[in-house]
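Encoded as C-alpha cells, the structure appears first; notes follow it.
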Amino acid sequence: MRQGVHRVAMAVSEGAPVFEAAVPCEVFGIDRPELVSPWYQFDAVPVGGANVRLAFGFRLPLEGSRVALEAADTLVVPSCASVHDEPPAELVESVRAAYDRGARVLSICSGAFVLAAAGILDGRRATTHWMHASELARRYPLVEVDPRVLYTEDKNVITSAGTAAAIDACLHLVRLDHGAKVAAELARRLVTPPHREGGQSQYVRSAEPPLDDWLAPLLEWTSTQLHQPLTTREMARCAGVSVRTLERRFAATLASSPLQWLLQQRVRRAQQLLETTDRPIEWVATTSGLGTPANLRVHFNRLVGVPPSAYRRTFQHPEMTGNGAGSSIGRPDAGSVGVAFSREE
C-alpha cells in the first residue's frame with residue numbers, strides 16, 4: 001500500500017474509445033476523501049500537443065500537460081483507435097520513458113499494442129480484448145498473450161482485456177494502493193463486483209473455421225449426436241475414413257483432435273442450454289453429452305473459466321427467469337472528475 005499522493009496520468013491519443021478513457025477518470029479522477037485522503041492526483045493528457053478527438057465526436061481539451069506524464073507514478077494507456085495502425089510514436093516514447101523511470105504502467109484493451117510497441121511486454125504474460133489477441137501475438141511474438149483473463153499483472157506492468165475489464169483492472173490498482181476494503185467500497189459505489197468470477201473465456205463466441213467439403217457433413221451430423229456416447233472410431237466410420245486419417249484431417253483443419261473438438265462442442269451446447277432454459281443442471285449435463293453434473297462442472301470450469309451456475313446467473317435470458325424489468329441508474333455521490341470531455345455537434 002502506498003503513502004502520500006499517488007499521481008496517475010492517462011495518455012489519450014486520437015480516436016480512443018470514450019468508455020475506456022472514461023473509466024480511469026471515474027476511478028482515479030473523482031476525489032473520495034470519505035474513503036482515503038488524499039485520493040489520487042489525476043491528469044488526462046492529450047498526446048500530440050493539441051485537443052484530441054475521441055470516438056463519437058467527443059474531445060479532450062489540452063489541459064493536462066506533458067509534465068504530468070513525466071511525473072506520473074502510474075501511467076494509463078486506454079485503447080487505440082485501430083489495432084492495425086502503428087501507435088503514435090510520441091505515445092510509445094512516453095510509455096517507454098515512464099517504464100524506464102520505474103512508473104507503473106496500465107494498458108486498457110488494445111492499449112496493450114502500445115506497451116508491446118514500447119518493448120515492455122517482451123517476455124511477459126499480457127492480455128487484450130479476445131478479438132485482438134491473435135493479432136497481438138502475431139505482431140509481437142515475444143509477448144505471452146493470454147486471451148482468457150480479465151487482466152494480468154507482472155510487477156509494475158498491468159494489461160487488461162476489453163472495455164468493461166478496464167473497471168476490473170482499475171479496481172485492482174486501488175486494491176494494491178489502498179487495500180481490499182477501500183476497493184470493495186468503491187466497487188459498491190460503481191455498482192460493480194469488486195472482483196468478477198472467471199475471465200474472458202465466458203464471453204467468447206468462437207467463429208466456425210472454414211471446413212473441407214468432406215468434413216462439414218461429419219461435423220453437422222456429430223452436432224446432432226452430442227447427447228450420444230460418440231467415439232473417434234464411430235466418427236471415422238461416419239466419414240468413411242480411417243481413424244488415423246480422421247485425426248490427421250482434424251489436426252490440419254481444426255487444430256484439434258476429434259475428441260477435443262467434441263468436448264468443446266458439448267461445452268458450447270451446455271452454454272446455450274444454460275442461457276436459454278431453466279432446466280436443472282442434471283438435465284443440462286445429460287442433454288449436452290457431458291453425462292453427470294460433476295463432469296459438466298469440471299469441463300465447463302476448465303474451458304469457460306466459471307462454474308455452470310455462475311455462467312447461468314450472468315448470461316441466462318431474462319425471459320427464462322421473469323426478471324426482465326428495467327432498472328434505474330443513479331449517481332448520487334458523483335463529483336467532478338476535473339477532465340472536460342466535450343461533444344462536437
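Here, A, B, ... name the chains of the C-alpha cells in the order displayed, residue numbers run from 1 inside each chain, and ligands are numbered from 1 in the same displayed order.
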Between region 262-319 of chain A and region 250-258 of chain A, at 10 Å or less, what are the per-residue closest atom pairs and their distances in Å? Count only C-alpha atoms, order by chain and rising residue number, and return it as JSON lines.
{"residue": "A:Leu262", "atom": "CA", "partner": "A:Pro258", "partner_atom": "CA", "distance": 6.1}
{"residue": "A:Leu263", "atom": "CA", "partner": "A:Pro258", "partner_atom": "CA", "distance": 8.7}
{"residue": "A:Gln264", "atom": "CA", "partner": "A:Pro258", "partner_atom": "CA", "distance": 10.0}
Go ahead and save the residues from that selection, with C-alpha atoms, as a compact mmCIF listing (two decimals), in the first residue's frame.
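Dumped everything to out.txt:
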# COMPACT_ATOMS: atom_id res chain seq x y z
CA LEU A 262 -16.32 -32.99 -29.47
CA LEU A 263 -15.75 -31.85 -25.88
CA GLN A 264 -15.67 -28.19 -26.95
- Task: For region 116-122 of chain A, list every protein, DNA or RNA residue within 8 Å, evaluated using only C-alpha atoms, and leave out those in the same chain fewer than 3 positions away; present the list as an MDAnalysis selection string.
- Result: chainID A and resid 87 92:93 95:96 99 112:113 125:126 140 142:144
- Item | Surrounding residues of Glu14 (chain A) excluding itself and chain neighbours under 4 positions, 7 Å, only C-alpha atoms, as a PyMOL selection string | chain A and resi 52-54+81
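Shortest atom-to-atom contact with Val298 (chain A) among A:Val36, A:Val267, A:Leu226, A:Val284: A:Val267, counting only C-alpha atoms.
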- Please identify which residues in region 125-206 of chain A DSSP calls alpha helix (DSSP H) from the backbone, and express them as an MDAnalysis selection string. chainID A and resid 133:139 165:178 180:190
- Of the listed residues A:Ile30, A:Met10, A:Leu230, A:Leu215, that which approaches Glu70 (chain A) most closely, counting only C-alpha atoms: A:Met10
- Can you tell me, as number ranges by chain, what residues are no more than 9 Å from Pro308 (chain A) when counting only C-alpha atoms, ignoring any on the same chain fewer than 3 positions away? A: 270-271, 274, 281, 296-297, 300-301, 304, 311-313
Write out the residues from the selection above, keeping N, CA and C atoms, as an mmCIF file, in the first residue's frame.
data_model
loop_
_atom_site.group_PDB
_atom_site.id
_atom_site.type_symbol
_atom_site.label_atom_id
_atom_site.label_comp_id
_atom_site.auth_asym_id
_atom_site.auth_seq_id
_atom_site.Cartn_x
_atom_site.Cartn_y
_atom_site.Cartn_z
ATOM 1 N N ALA A 270 -23.800 -26.843 -23.729
ATOM 2 C CA ALA A 270 -24.171 -26.581 -22.339
ATOM 3 C C ALA A 270 -24.346 -25.077 -22.101
ATOM 4 N N GLN A 271 -23.484 -24.261 -22.689
ATOM 5 C CA GLN A 271 -23.633 -22.816 -22.568
ATOM 6 C C GLN A 271 -24.985 -22.359 -23.114
ATOM 7 N N LEU A 274 -27.788 -23.392 -20.764
ATOM 8 C CA LEU A 274 -27.800 -22.583 -19.546
ATOM 9 C C LEU A 274 -28.361 -21.194 -19.813
ATOM 10 N N ILE A 281 -29.374 -28.633 -13.656
ATOM 11 C CA ILE A 281 -28.019 -28.900 -14.129
ATOM 12 C C ILE A 281 -27.879 -30.353 -14.584
ATOM 13 N N LEU A 296 -19.809 -32.168 -15.985
ATOM 14 C CA LEU A 296 -20.119 -30.869 -16.575
ATOM 15 C C LEU A 296 -19.327 -29.767 -15.877
ATOM 16 N N ARG A 297 -19.315 -29.767 -14.554
ATOM 17 C CA ARG A 297 -18.627 -28.712 -13.812
ATOM 18 C C ARG A 297 -17.130 -28.711 -14.093
ATOM 19 N N PHE A 300 -16.612 -27.573 -17.855
ATOM 20 C CA PHE A 300 -17.115 -26.213 -18.035
ATOM 21 C C PHE A 300 -16.177 -25.218 -17.360
ATOM 22 N N ASN A 301 -15.779 -25.526 -16.145
ATOM 23 C CA ASN A 301 -14.840 -24.658 -15.425
ATOM 24 C C ASN A 301 -13.536 -24.504 -16.181
ATOM 25 N N VAL A 304 -14.479 -22.670 -19.839
ATOM 26 C CA VAL A 304 -15.175 -21.388 -19.799
ATOM 27 C C VAL A 304 -14.619 -20.471 -18.715
ATOM 28 N N TYR A 311 -22.241 -19.028 -14.624
ATOM 29 C CA TYR A 311 -22.476 -18.653 -16.020
ATOM 30 C C TYR A 311 -23.960 -18.412 -16.254
ATOM 31 N N ARG A 312 -24.793 -19.270 -15.712
ATOM 32 C CA ARG A 312 -26.245 -19.103 -15.898
ATOM 33 C C ARG A 312 -26.723 -17.792 -15.279
ATOM 34 N N ARG A 313 -26.235 -17.465 -14.091
ATOM 35 C CA ARG A 313 -26.648 -16.216 -13.450
ATOM 36 C C ARG A 313 -26.295 -14.995 -14.299
#
- Out of region 72-315 of chain A, which residues get strand (DSSP E) from DSSP, as a VMD selection string? chain A and resid 74 to 77 104 to 107 125 to 126 144 to 145 151 to 154 157 to 160
Mind dumping a table of every region 275-316 of chain A residue within 12 Å of region 216-225 of chain A, with the nearest atom pair and its distance in Å to one decimal, using only C-alpha atoms, sorted by chain and rising number, as JSON lines?
{"residue": "A:Thr286", "atom": "CA", "partner": "A:Gln225", "partner_atom": "CA", "distance": 12.0}
{"residue": "A:Thr287", "atom": "CA", "partner": "A:Gln225", "partner_atom": "CA", "distance": 9.9}
{"residue": "A:Ser288", "atom": "CA", "partner": "A:Gln225", "partner_atom": "CA", "distance": 9.3}
{"residue": "A:Gly289", "atom": "CA", "partner": "A:Gln225", "partner_atom": "CA", "distance": 8.4}
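Minimum distance to Leu173 (chain A) across A:Trp261, A:Phe58, A:Trp283, A:Tyr151 (counting only C-alpha atoms) occurs at A:Tyr151.
Each of A:Leu246, A:Val18, A:Leu35, A:Val77 was checked against Ala184 (chain A) using only C-alpha atoms; the smallest atom-to-atom distance is that of A:Leu35.
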- Task: Find the residues near Leu186 (chain A): any atom within 12 Å, counting only C-alpha atoms, skip ones fewer than 6 places away on the same chain, and give them as a PyMOL selection string.
- Result: chain A and resi 26-28+30-36+39+167-168+170-175+178-180+192-195+333-334
